Amino acid sequence: MPKTIIIFFGPPGSGKGTQAQMLAQKTEWKKISTGDLFRAEIAAGTEAGKLADKYIKAGKLVPDKIVFGLVEKSLKQKTAGFIFDGFPRNKKQLNELLAFFKKILKKNDQVYALEVAVSDEEIKQRLSQRRMCACGKVYHLVYNPPINKDICDICGGRLFIRNDDKPKVITHRLKIYHSQSKFMTDYWQKQGRLIKIDGEQPIKKIHEEIMEKLSELKLI
Ligand code: AMP
């Protein structure tokens with residue numbers, strides 16, 4: 001059976017992680033989120049985690065070598081497809097991934113990039129209201145609040161603000177995103193493999209639109 005690979009990209013806080021998760025629940029495709037992989041390494045106190053933590057806290061990208069190590073491990077899973085969230089994030093990572101795909105993908109396998117487009121103003125507003133739980137669940141104080149203030153609905157854990165969601169760091173992350181994303185958009189557009197979604201709609205509506213587009217392309 002051909003494999004499907006969907007690469008989500010969009011600015012930090014665009015909701016791509018939420019959408020990638022919703023898509024993973026509707027399909028048999030495995031989600032690979034580099035941000036989640038790093039957070040797991042940090043929580044486990046590994047050497048890679050300690051190193052990554054310094055970059056993440058500063059709003060910088062983690063060095064490519066650490067990223068690849070983790071992604072390659074995840075790509076070994078047996079599955080009908082992969083959903084990438086947060087990777088590749090720059091030209092070097094994209095080229096590395098394409099070289100890897102050349103080795104492992106077959107002719108009928110399908111790779112598409114899915115851009116969740118959101119303006120900078122909206123991003124700044126959203127990230128300042130984002131709260132996380134150590135279990136991975138993400139909340140927004142206005143659009144997707146927990147039932148009890150500061151407490152996770154799923155596991156009862158105490159919610160926190162990600163260090164990289166602090167205002168100064170957000171501005172820096174957006175700057176990095178814009179400097180890298182044009183290359184990604186141009187590349188996938190040229191391949192005829194760019195799906196663009198308006199990320200300023202309600203979460204459910206965005207998900208429906210993604211499902212529609214994937215269905216039009218006969219991927220689901
Ligand atoms: P995310 O959860 O995708 O917003 O990622 C959180 C942070 O992890 C980012 O701000 C980066 O510092 C780091 N990170 C995630 N994915 C990558 C990647 N592909 N390359 C480099 N750094 C990454």
# chains A, B, ... in the order shown; residues from 1 in each chain; ligands from 1
$ closest_atom_pairs --of "chain A" --to "ligand 1" --cutoff "7 Å" --atoms "only C-alpha atoms and all ligand atoms" --output "tab-separated table"
residue	atom	partner	partner_atom_place_in_ligand_line	distance
A:Pro12	CA	ligand 1	4 (O)	5.2
A:Ser33	CA	ligand 1	3 (O)	6.7
A:Thr34	CA	ligand 1	16 (N)	4.4
A:Gly35	CA	ligand 1	2 (O)	3.5
A:Asp36	CA	ligand 1	2 (O)	6.0
A:Phe38	CA	ligand 1	8 (O)	6.5
A:Tyr55	CA	ligand 1	12 (O)	5.6
A:Ile56	CA	ligand 1	12 (O)	3.7
A:Gly59	CA	ligand 1	10 (O)	5.3
A:Lys60	CA	ligand 1	12 (O)	4.8
A:Leu61	CA	ligand 1	22 (N)	3.7
A:Val62	CA	ligand 1	22 (N)	3.8
A:Pro63	CA	ligand 1	21 (C)	6.0
A:Asp64	CA	ligand 1	20 (N)	6.1
A:Val67	CA	ligand 1	20 (N)	5.7
A:Asp85	CA	ligand 1	3 (O)	6.6
A:Gly86	CA	ligand 1	3 (O)	4.4
A:Phe87	CA	ligand 1	19 (N)	4.0
A:Pro88	CA	ligand 1	19 (N)	5.0
A:Arg89	CA	ligand 1	19 (N)	4.8
A:Asp164	CA	ligand 1	10 (O)	6.5
A:Arg173	CA	ligand 1	10 (O)	6.5
$ write_last_selection --atoms "N, CA, C and O atoms" --output "PDB file, in the first residue's frame"
ATOM      1  N   PRO A  12       4.607  29.507  14.669  1.00  0.00           N
ATOM      2  CA  PRO A  12       4.332  28.950  15.990  1.00  0.00           C
ATOM      3  C   PRO A  12       2.985  29.476  16.465  1.00  0.00           C
ATOM      4  O   PRO A  12       2.701  30.663  16.301  1.00  0.00           O
ATOM      5  N   SER A  33       6.131  14.976  15.886  1.00  0.00           N
ATOM      6  CA  SER A  33       6.247  16.387  16.248  1.00  0.00           C
ATOM      7  C   SER A  33       7.607  16.592  16.897  1.00  0.00           C
ATOM      8  O   SER A  33       7.875  16.040  17.973  1.00  0.00           O
ATOM      9  N   THR A  34       8.472  17.382  16.246  1.00  0.00           N
ATOM     10  CA  THR A  34       9.814  17.569  16.813  1.00  0.00           C
ATOM     11  C   THR A  34       9.737  18.313  18.147  1.00  0.00           C
ATOM     12  O   THR A  34      10.485  18.003  19.071  1.00  0.00           O
ATOM     13  N   GLY A  35       8.812  19.266  18.258  1.00  0.00           N
ATOM     14  CA  GLY A  35       8.649  19.984  19.531  1.00  0.00           C
ATOM     15  C   GLY A  35       8.323  18.999  20.653  1.00  0.00           C
ATOM     16  O   GLY A  35       8.910  19.044  21.740  1.00  0.00           O
ATOM     17  N   ASP A  36       7.397  18.061  20.392  1.00  0.00           N
ATOM     18  CA  ASP A  36       7.023  17.055  21.402  1.00  0.00           C
ATOM     19  C   ASP A  36       8.206  16.130  21.707  1.00  0.00           C
ATOM     20  O   ASP A  36       8.425  15.750  22.860  1.00  0.00           O
ATOM     21  N   PHE A  38      11.334  16.872  21.577  1.00  0.00           N
ATOM     22  CA  PHE A  38      12.265  17.605  22.443  1.00  0.00           C
ATOM     23  C   PHE A  38      11.737  17.691  23.867  1.00  0.00           C
ATOM     24  O   PHE A  38      12.475  17.486  24.826  1.00  0.00           O
ATOM     25  N   TYR A  55      18.294  26.028  23.665  1.00  0.00           N
ATOM     26  CA  TYR A  55      17.890  26.692  22.419  1.00  0.00           C
ATOM     27  C   TYR A  55      16.408  27.056  22.462  1.00  0.00           C
ATOM     28  O   TYR A  55      15.998  28.136  22.073  1.00  0.00           O
ATOM     29  N   ILE A  56      15.596  26.126  22.932  1.00  0.00           N
ATOM     30  CA  ILE A  56      14.145  26.338  22.961  1.00  0.00           C
ATOM     31  C   ILE A  56      13.793  27.526  23.851  1.00  0.00           C
ATOM     32  O   ILE A  56      13.011  28.388  23.467  1.00  0.00           O
ATOM     33  N   GLY A  59      14.230  30.716  22.269  1.00  0.00           N
ATOM     34  CA  GLY A  59      13.419  30.932  21.063  1.00  0.00           C
ATOM     35  C   GLY A  59      14.195  30.626  19.794  1.00  0.00           C
ATOM     36  O   GLY A  59      13.829  31.047  18.706  1.00  0.00           O
ATOM     37  N   LYS A  60      15.301  29.894  19.938  1.00  0.00           N
ATOM     38  CA  LYS A  60      16.122  29.565  18.760  1.00  0.00           C
ATOM     39  C   LYS A  60      15.791  28.169  18.262  1.00  0.00           C
ATOM     40  O   LYS A  60      15.207  27.363  18.994  1.00  0.00           O
ATOM     41  N   LEU A  61      16.218  27.890  17.026  1.00  0.00           N
ATOM     42  CA  LEU A  61      16.048  26.532  16.510  1.00  0.00           C
ATOM     43  C   LEU A  61      17.127  25.634  17.119  1.00  0.00           C
ATOM     44  O   LEU A  61      18.261  26.064  17.305  1.00  0.00           O
ATOM     45  N   VAL A  62      16.753  24.405  17.402  1.00  0.00           N
ATOM     46  CA  VAL A  62      17.698  23.421  17.930  1.00  0.00           C
ATOM     47  C   VAL A  62      18.616  23.008  16.772  1.00  0.00           C
ATOM     48  O   VAL A  62      18.149  22.895  15.635  1.00  0.00           O
ATOM     49  N   PRO A  63      19.915  22.796  17.021  1.00  0.00           N
ATOM     50  CA  PRO A  63      20.819  22.429  15.920  1.00  0.00           C
ATOM     51  C   PRO A  63      20.314  21.208  15.125  1.00  0.00           C
ATOM     52  O   PRO A  63      19.816  20.246  15.708  1.00  0.00           O
ATOM     53  N   ASP A  64      20.492  21.298  13.810  1.00  0.00           N
ATOM     54  CA  ASP A  64      19.948  20.271  12.909  1.00  0.00           C
ATOM     55  C   ASP A  64      20.358  18.845  13.287  1.00  0.00           C
ATOM     56  O   ASP A  64      19.576  17.919  13.149  1.00  0.00           O
ATOM     57  N   VAL A  67      18.158  17.391  15.810  1.00  0.00           N
ATOM     58  CA  VAL A  67      16.821  17.189  15.240  1.00  0.00           C
ATOM     59  C   VAL A  67      16.786  15.887  14.424  1.00  0.00           C
ATOM     60  O   VAL A  67      15.928  15.037  14.628  1.00  0.00           O
ATOM     61  N   ASP A  85       4.948  17.478  12.165  1.00  0.00           N
ATOM     62  CA  ASP A  85       4.536  18.727  12.796  1.00  0.00           C
ATOM     63  C   ASP A  85       5.802  19.406  13.307  1.00  0.00           C
ATOM     64  O   ASP A  85       6.438  18.905  14.229  1.00  0.00           O
ATOM     65  N   GLY A  86       6.173  20.520  12.677  1.00  0.00           N
ATOM     66  CA  GLY A  86       7.355  21.262  13.144  1.00  0.00           C
ATOM     67  C   GLY A  86       8.658  20.829  12.510  1.00  0.00           C
ATOM     68  O   GLY A  86       9.723  21.253  12.922  1.00  0.00           O
ATOM     69  N   PHE A  87       8.572  20.002  11.506  1.00  0.00           N
ATOM     70  CA  PHE A  87       9.750  19.527  10.786  1.00  0.00           C
ATOM     71  C   PHE A  87       9.356  19.204   9.351  1.00  0.00           C
ATOM     72  O   PHE A  87       8.309  18.602   9.158  1.00  0.00           O
ATOM     73  N   PRO A  88      10.139  19.546   8.336  1.00  0.00           N
ATOM     74  CA  PRO A  88      11.369  20.328   8.408  1.00  0.00           C
ATOM     75  C   PRO A  88      11.065  21.810   8.577  1.00  0.00           C
ATOM     76  O   PRO A  88      10.029  22.287   8.156  1.00  0.00           O
ATOM     77  N   ARG A  89      12.022  22.524   9.203  1.00  0.00           N
ATOM     78  CA  ARG A  89      11.775  23.910   9.548  1.00  0.00           C
ATOM     79  C   ARG A  89      12.690  24.864   8.798  1.00  0.00           C
ATOM     80  O   ARG A  89      12.536  26.057   8.903  1.00  0.00           O
ATOM     81  N   ASP A 164       8.919  29.358  25.794  1.00  0.00           N
ATOM     82  CA  ASP A 164       9.052  29.989  24.476  1.00  0.00           C
ATOM     83  C   ASP A 164       7.758  30.670  24.032  1.00  0.00           C
ATOM     84  O   ASP A 164       7.643  31.140  22.912  1.00  0.00           O
ATOM     85  N   ARG A 173      10.763  34.119  17.551  1.00  0.00           N
ATOM     86  CA  ARG A 173      10.369  32.887  16.832  1.00  0.00           C
ATOM     87  C   ARG A 173       9.676  33.216  15.513  1.00  0.00           C
ATOM     88  O   ARG A 173       9.872  32.549  14.512  1.00  0.00           O
TER      89      ARG A 173
END
$ residues_around --residues "region 113-116 of chain A" --least-positions-apart "2" --cutoff "6 Å" --atoms "only C-alpha atoms" --output "PDB file with all heavy atoms, in the first residue's frame"
ATOM      1  N   ILE A   6       2.218  13.837   5.168  1.00  0.00           N
ATOM      2  CA  ILE A   6       1.699  15.205   5.205  1.00  0.00           C
ATOM      3  C   ILE A   6       2.603  16.016   6.117  1.00  0.00           C
ATOM      4  O   ILE A   6       2.787  15.672   7.291  1.00  0.00           O
ATOM      5  CB  ILE A   6       0.248  15.246   5.759  1.00  0.00           C
ATOM      6  CG1 ILE A   6      -0.685  14.304   4.984  1.00  0.00           C
ATOM      7  CG2 ILE A   6      -0.290  16.683   5.750  1.00  0.00           C
ATOM      8  CD1 ILE A   6      -0.962  14.684   3.570  1.00  0.00           C
ATOM      9  N   ILE A   7       3.162  17.080   5.559  1.00  0.00           N
ATOM     10  CA  ILE A   7       4.070  17.928   6.334  1.00  0.00           C
ATOM     11  C   ILE A   7       3.334  19.205   6.711  1.00  0.00           C
ATOM     12  O   ILE A   7       3.059  20.048   5.856  1.00  0.00           O
ATOM     13  CB  ILE A   7       5.322  18.270   5.508  1.00  0.00           C
ATOM     14  CG1 ILE A   7       6.055  16.981   5.132  1.00  0.00           C
ATOM     15  CG2 ILE A   7       6.216  19.233   6.272  1.00  0.00           C
ATOM     16  CD1 ILE A   7       7.186  17.176   4.140  1.00  0.00           C
ATOM     17  N   PHE A   8       2.988  19.346   7.980  1.00  0.00           N
ATOM     18  CA  PHE A   8       2.319  20.564   8.440  1.00  0.00           C
ATOM     19  C   PHE A   8       3.358  21.650   8.653  1.00  0.00           C
ATOM     20  O   PHE A   8       4.415  21.383   9.240  1.00  0.00           O
ATOM     21  CB  PHE A   8       1.621  20.329   9.792  1.00  0.00           C
ATOM     22  CG  PHE A   8       0.246  19.739   9.654  1.00  0.00           C
ATOM     23  CD1 PHE A   8       0.092  18.387   9.403  1.00  0.00           C
ATOM     24  CD2 PHE A   8      -0.886  20.531   9.778  1.00  0.00           C
ATOM     25  CE1 PHE A   8      -1.169  17.829   9.279  1.00  0.00           C
ATOM     26  CE2 PHE A   8      -2.158  19.984   9.649  1.00  0.00           C
ATOM     27  CZ  PHE A   8      -2.297  18.624   9.400  1.00  0.00           C
ATOM     28  N   PHE A   9       3.078  22.834   8.189  1.00  0.00           N
ATOM     29  CA  PHE A   9       3.909  23.948   8.618  1.00  0.00           C
ATOM     30  C   PHE A   9       3.074  25.208   8.748  1.00  0.00           C
ATOM     31  O   PHE A   9       1.961  25.301   8.252  1.00  0.00           O
ATOM     32  CB  PHE A   9       5.158  24.118   7.735  1.00  0.00           C
ATOM     33  CG  PHE A   9       4.922  24.699   6.373  1.00  0.00           C
ATOM     34  CD1 PHE A   9       5.235  26.030   6.121  1.00  0.00           C
ATOM     35  CD2 PHE A   9       4.416  23.933   5.351  1.00  0.00           C
ATOM     36  CE1 PHE A   9       5.050  26.575   4.859  1.00  0.00           C
ATOM     37  CE2 PHE A   9       4.207  24.470   4.090  1.00  0.00           C
ATOM     38  CZ  PHE A   9       4.524  25.790   3.840  1.00  0.00           C
ATOM     39  N   GLY A  10       3.623  26.162   9.472  1.00  0.00           N
ATOM     40  CA  GLY A  10       2.889  27.378   9.785  1.00  0.00           C
ATOM     41  C   GLY A  10       3.607  28.019  10.942  1.00  0.00           C
ATOM     42  O   GLY A  10       4.438  27.370  11.589  1.00  0.00           O
ATOM     43  N   LEU A 194       1.452  21.848  -2.536  1.00  0.00           N
ATOM     44  CA  LEU A 194       1.196  22.719  -1.390  1.00  0.00           C
ATOM     45  C   LEU A 194      -0.312  22.841  -1.170  1.00  0.00           C
ATOM     46  O   LEU A 194      -1.054  23.182  -2.078  1.00  0.00           O
ATOM     47  CB  LEU A 194       1.792  24.105  -1.636  1.00  0.00           C
ATOM     48  CG  LEU A 194       1.568  25.126  -0.526  1.00  0.00           C
ATOM     49  CD1 LEU A 194       2.340  24.733   0.736  1.00  0.00           C
ATOM     50  CD2 LEU A 194       2.010  26.520  -0.972  1.00  0.00           C
ATOM     51  N   ILE A 195      -0.743  22.521   0.051  1.00  0.00           N
ATOM     52  CA  ILE A 195      -2.148  22.699   0.423  1.00  0.00           C
ATOM     53  C   ILE A 195      -2.168  23.872   1.393  1.00  0.00           C
ATOM     54  O   ILE A 195      -1.498  23.822   2.432  1.00  0.00           O
ATOM     55  CB  ILE A 195      -2.698  21.445   1.138  1.00  0.00           C
ATOM     56  CG1 ILE A 195      -2.523  20.207   0.265  1.00  0.00           C
ATOM     57  CG2 ILE A 195      -4.150  21.643   1.538  1.00  0.00           C
ATOM     58  CD1 ILE A 195      -2.770  18.895   1.018  1.00  0.00           C
ATOM     59  N   LYS A 196      -2.896  24.937   1.045  1.00  0.00           N
ATOM     60  CA  LYS A 196      -2.903  26.101   1.939  1.00  0.00           C
ATOM     61  C   LYS A 196      -4.261  26.210   2.644  1.00  0.00           C
ATOM     62  O   LYS A 196      -5.302  26.149   1.992  1.00  0.00           O
ATOM     63  CB  LYS A 196      -2.613  27.362   1.125  1.00  0.00           C
ATOM     64  CG  LYS A 196      -2.255  28.525   1.991  1.00  0.00           C
ATOM     65  CD  LYS A 196      -1.650  29.662   1.192  1.00  0.00           C
ATOM     66  CE  LYS A 196      -1.477  30.856   2.089  1.00  0.00           C
ATOM     67  NZ  LYS A 196      -0.681  31.905   1.538  1.00  0.00           N
ATOM     68  N   ILE A 197      -4.218  26.350   3.949  1.00  0.00           N
ATOM     69  CA  ILE A 197      -5.446  26.405   4.744  1.00  0.00           C
ATOM     70  C   ILE A 197      -5.468  27.698   5.543  1.00  0.00           C
ATOM     71  O   ILE A 197      -4.449  28.092   6.120  1.00  0.00           O
ATOM     72  CB  ILE A 197      -5.494  25.206   5.736  1.00  0.00           C
ATOM     73  CG1 ILE A 197      -5.394  23.872   5.005  1.00  0.00           C
ATOM     74  CG2 ILE A 197      -6.708  25.265   6.648  1.00  0.00           C
ATOM     75  CD1 ILE A 197      -6.661  23.355   4.395  1.00  0.00           C
ATOM     76  N   GLY A 199      -5.824  29.423   8.655  1.00  0.00           N
ATOM     77  CA  GLY A 199      -5.760  28.989  10.051  1.00  0.00           C
ATOM     78  C   GLY A 199      -6.441  29.932  11.021  1.00  0.00           C
ATOM     79  O   GLY A 199      -6.329  29.763  12.227  1.00  0.00           O
TER      80      GLY A 199
END
$ select_by_dssp --residues "region 101-193 of chain A" --states "alpha helix (DSSP H)" --output "ChimeraX atom specification"
/A:101-104,120-128,167-190
$ closest_residue --among "A:Thr4, A:Gln77, A:Ser215, A:Ser14" --to "Gln125 (chain A)" --atoms "only C-alpha atoms"
A:Ser14
$ residues_around --residues "Ile123 (chain A)" --least-positions-apart "5" --cutoff "12 Å" --atoms "only C-alpha atoms" --output "ChimeraX atom specification"
/A:10-15,116-118,128-130,165,167,170-171,173-174,177,199-200
$ residues_around --residues "Leu105 (chain A)" --least-positions-apart "5" --cutoff "9 Å" --atoms "only C-alpha atoms" --output "list of chain:residue names"
A:Pro2, A:Lys3, A:Phe100, A:Gln110
$ select_by_dssp --residues "chain A" --states "strand (DSSP E or B)" --output "VMD selection string"
chain A and resid 4 to 9 30 to 33 81 to 85 110 to 117 130 to 132 138 to 140 144 151 158 160 194 to 198
$ atom_distance --atom1 "CA of Lys102 (chain A)" --atom2 "CA of Lys73 (chain A)"
17.2 Å
$ closest_residue --among "A:Ala80, A:Met132, A:Cys155, A:Leu75" --to "Ile104 (chain A)" --atoms "only C-alpha atoms"
A:Leu75
$ decode --residues "region 166-177 of chain A" --atoms "all heavy atoms" --output "PDB file, in the first residue's frame"
ATOM      1  N   LYS A 166       6.693  33.237  25.892  1.00  0.00           N
ATOM      2  CA  LYS A 166       6.817  34.572  26.496  1.00  0.00           C
ATOM      3  C   LYS A 166       6.985  35.602  25.369  1.00  0.00           C
ATOM      4  O   LYS A 166       7.638  35.302  24.350  1.00  0.00           O
ATOM      5  CB  LYS A 166       8.036  34.618  27.452  1.00  0.00           C
ATOM      6  CG  LYS A 166       8.083  33.449  28.462  1.00  0.00           C
ATOM      7  CD  LYS A 166       7.502  33.833  29.808  1.00  0.00           C
ATOM      8  CE  LYS A 166       7.106  32.625  30.640  1.00  0.00           C
ATOM      9  NZ  LYS A 166       8.192  31.947  31.334  1.00  0.00           N
ATOM     10  N   PRO A 167       6.407  36.835  25.533  1.00  0.00           N
ATOM     11  CA  PRO A 167       6.321  37.796  24.416  1.00  0.00           C
ATOM     12  C   PRO A 167       7.613  38.045  23.638  1.00  0.00           C
ATOM     13  O   PRO A 167       7.622  38.008  22.412  1.00  0.00           O
ATOM     14  CB  PRO A 167       5.838  39.080  25.101  1.00  0.00           C
ATOM     15  CG  PRO A 167       5.145  38.615  26.322  1.00  0.00           C
ATOM     16  CD  PRO A 167       5.789  37.336  26.752  1.00  0.00           C
ATOM     17  N   LYS A 168       8.712  38.264  24.351  1.00  0.00           N
ATOM     18  CA  LYS A 168       9.976  38.562  23.658  1.00  0.00           C
ATOM     19  C   LYS A 168      10.407  37.383  22.776  1.00  0.00           C
ATOM     20  O   LYS A 168      10.904  37.554  21.665  1.00  0.00           O
ATOM     21  CB  LYS A 168      11.061  38.829  24.707  1.00  0.00           C
ATOM     22  CG  LYS A 168      11.758  40.154  24.508  1.00  0.00           C
ATOM     23  CD  LYS A 168      12.829  40.288  25.528  1.00  0.00           C
ATOM     24  CE  LYS A 168      13.823  41.365  25.154  1.00  0.00           C
ATOM     25  NZ  LYS A 168      14.724  41.606  26.259  1.00  0.00           N
ATOM     26  N   VAL A 169      10.211  36.198  23.332  1.00  0.00           N
ATOM     27  CA  VAL A 169      10.616  34.987  22.611  1.00  0.00           C
ATOM     28  C   VAL A 169       9.710  34.769  21.395  1.00  0.00           C
ATOM     29  O   VAL A 169      10.159  34.349  20.334  1.00  0.00           O
ATOM     30  CB  VAL A 169      10.607  33.760  23.562  1.00  0.00           C
ATOM     31  CG1 VAL A 169      11.133  32.532  22.860  1.00  0.00           C
ATOM     32  CG2 VAL A 169      11.442  34.036  24.802  1.00  0.00           C
ATOM     33  N   ILE A 170       8.415  35.092  21.542  1.00  0.00           N
ATOM     34  CA  ILE A 170       7.475  34.920  20.423  1.00  0.00           C
ATOM     35  C   ILE A 170       7.931  35.761  19.232  1.00  0.00           C
ATOM     36  O   ILE A 170       7.962  35.279  18.090  1.00  0.00           O
ATOM     37  CB  ILE A 170       6.037  35.350  20.821  1.00  0.00           C
ATOM     38  CG1 ILE A 170       5.474  34.419  21.887  1.00  0.00           C
ATOM     39  CG2 ILE A 170       5.122  35.354  19.589  1.00  0.00           C
ATOM     40  CD1 ILE A 170       4.145  34.877  22.464  1.00  0.00           C
ATOM     41  N   THR A 171       8.282  37.018  19.488  1.00  0.00           N
ATOM     42  CA  THR A 171       8.701  37.911  18.411  1.00  0.00           C
ATOM     43  C   THR A 171       9.908  37.317  17.679  1.00  0.00           C
ATOM     44  O   THR A 171       9.967  37.304  16.449  1.00  0.00           O
ATOM     45  CB  THR A 171       9.083  39.297  18.995  1.00  0.00           C
ATOM     46  OG1 THR A 171       7.961  39.754  19.741  1.00  0.00           O
ATOM     47  CG2 THR A 171       9.432  40.292  17.923  1.00  0.00           C
ATOM     48  N   HIS A 172      10.821  36.775  18.448  1.00  0.00           N
ATOM     49  CA  HIS A 172      12.011  36.176  17.849  1.00  0.00           C
ATOM     50  C   HIS A 172      11.649  34.939  17.023  1.00  0.00           C
ATOM     51  O   HIS A 172      12.137  34.741  15.906  1.00  0.00           O
ATOM     52  CB  HIS A 172      13.003  35.828  18.962  1.00  0.00           C
ATOM     53  CG  HIS A 172      14.322  35.375  18.439  1.00  0.00           C
ATOM     54  ND1 HIS A 172      15.123  36.191  17.684  1.00  0.00           N
ATOM     55  CD2 HIS A 172      14.962  34.187  18.522  1.00  0.00           C
ATOM     56  CE1 HIS A 172      16.210  35.520  17.337  1.00  0.00           C
ATOM     57  NE2 HIS A 172      16.129  34.303  17.841  1.00  0.00           N
ATOM     58  N   ARG A 173      10.763  34.119  17.551  1.00  0.00           N
ATOM     59  CA  ARG A 173      10.369  32.887  16.832  1.00  0.00           C
ATOM     60  C   ARG A 173       9.676  33.216  15.513  1.00  0.00           C
ATOM     61  O   ARG A 173       9.872  32.549  14.512  1.00  0.00           O
ATOM     62  CB  ARG A 173       9.426  32.045  17.714  1.00  0.00           C
ATOM     63  CG  ARG A 173      10.141  31.402  18.884  1.00  0.00           C
ATOM     64  CD  ARG A 173       9.147  30.799  19.852  1.00  0.00           C
ATOM     65  NE  ARG A 173       8.522  29.600  19.339  1.00  0.00           N
ATOM     66  CZ  ARG A 173       7.391  29.086  19.834  1.00  0.00           C
ATOM     67  NH1 ARG A 173       6.781  29.691  20.832  1.00  0.00           N
ATOM     68  NH2 ARG A 173       6.884  27.981  19.334  1.00  0.00           N
ATOM     69  N   LEU A 174       8.860  34.295  15.539  1.00  0.00           N
ATOM     70  CA  LEU A 174       8.163  34.687  14.297  1.00  0.00           C
ATOM     71  C   LEU A 174       9.168  35.158  13.251  1.00  0.00           C
ATOM     72  O   LEU A 174       9.023  34.858  12.053  1.00  0.00           O
ATOM     73  CB  LEU A 174       7.139  35.790  14.583  1.00  0.00           C
ATOM     74  CG  LEU A 174       5.823  35.316  15.183  1.00  0.00           C
ATOM     75  CD1 LEU A 174       4.966  36.496  15.623  1.00  0.00           C
ATOM     76  CD2 LEU A 174       5.050  34.452  14.180  1.00  0.00           C
ATOM     77  N   LYS A 175      10.187  35.871  13.720  1.00  0.00           N
ATOM     78  CA  LYS A 175      11.214  36.366  12.809  1.00  0.00           C
ATOM     79  C   LYS A 175      11.916  35.166  12.130  1.00  0.00           C
ATOM     80  O   LYS A 175      12.104  35.149  10.913  1.00  0.00           O
ATOM     81  CB  LYS A 175      12.227  37.201  13.603  1.00  0.00           C
ATOM     82  CG  LYS A 175      12.807  38.329  12.790  1.00  0.00           C
ATOM     83  CD  LYS A 175      13.582  39.262  13.685  1.00  0.00           C
ATOM     84  CE  LYS A 175      14.934  39.537  13.081  1.00  0.00           C
ATOM     85  NZ  LYS A 175      15.860  40.132  14.008  1.00  0.00           N
ATOM     86  N   ILE A 176      12.259  34.192  12.937  1.00  0.00           N
ATOM     87  CA  ILE A 176      12.919  33.000  12.382  1.00  0.00           C
ATOM     88  C   ILE A 176      11.980  32.312  11.388  1.00  0.00           C
ATOM     89  O   ILE A 176      12.369  31.938  10.290  1.00  0.00           O
ATOM     90  CB  ILE A 176      13.300  31.976  13.483  1.00  0.00           C
ATOM     91  CG1 ILE A 176      14.315  32.581  14.446  1.00  0.00           C
ATOM     92  CG2 ILE A 176      13.836  30.697  12.869  1.00  0.00           C
ATOM     93  CD1 ILE A 176      14.712  31.649  15.583  1.00  0.00           C
ATOM     94  N   TYR A 177      10.712  32.178  11.789  1.00  0.00           N
ATOM     95  CA  TYR A 177       9.760  31.476  10.921  1.00  0.00           C
ATOM     96  C   TYR A 177       9.686  32.139   9.543  1.00  0.00           C
ATOM     97  O   TYR A 177       9.775  31.465   8.516  1.00  0.00           O
ATOM     98  CB  TYR A 177       8.364  31.432  11.573  1.00  0.00           C
ATOM     99  CG  TYR A 177       7.354  30.835  10.630  1.00  0.00           C
ATOM    100  CD1 TYR A 177       7.369  29.465  10.357  1.00  0.00           C
ATOM    101  CD2 TYR A 177       6.438  31.630   9.948  1.00  0.00           C
ATOM    102  CE1 TYR A 177       6.489  28.912   9.446  1.00  0.00           C
ATOM    103  CE2 TYR A 177       5.559  31.077   9.039  1.00  0.00           C
ATOM    104  CZ  TYR A 177       5.587  29.720   8.794  1.00  0.00           C
ATOM    105  OH  TYR A 177       4.725  29.168   7.875  1.00  0.00           O
TER     106      TYR A 177
END
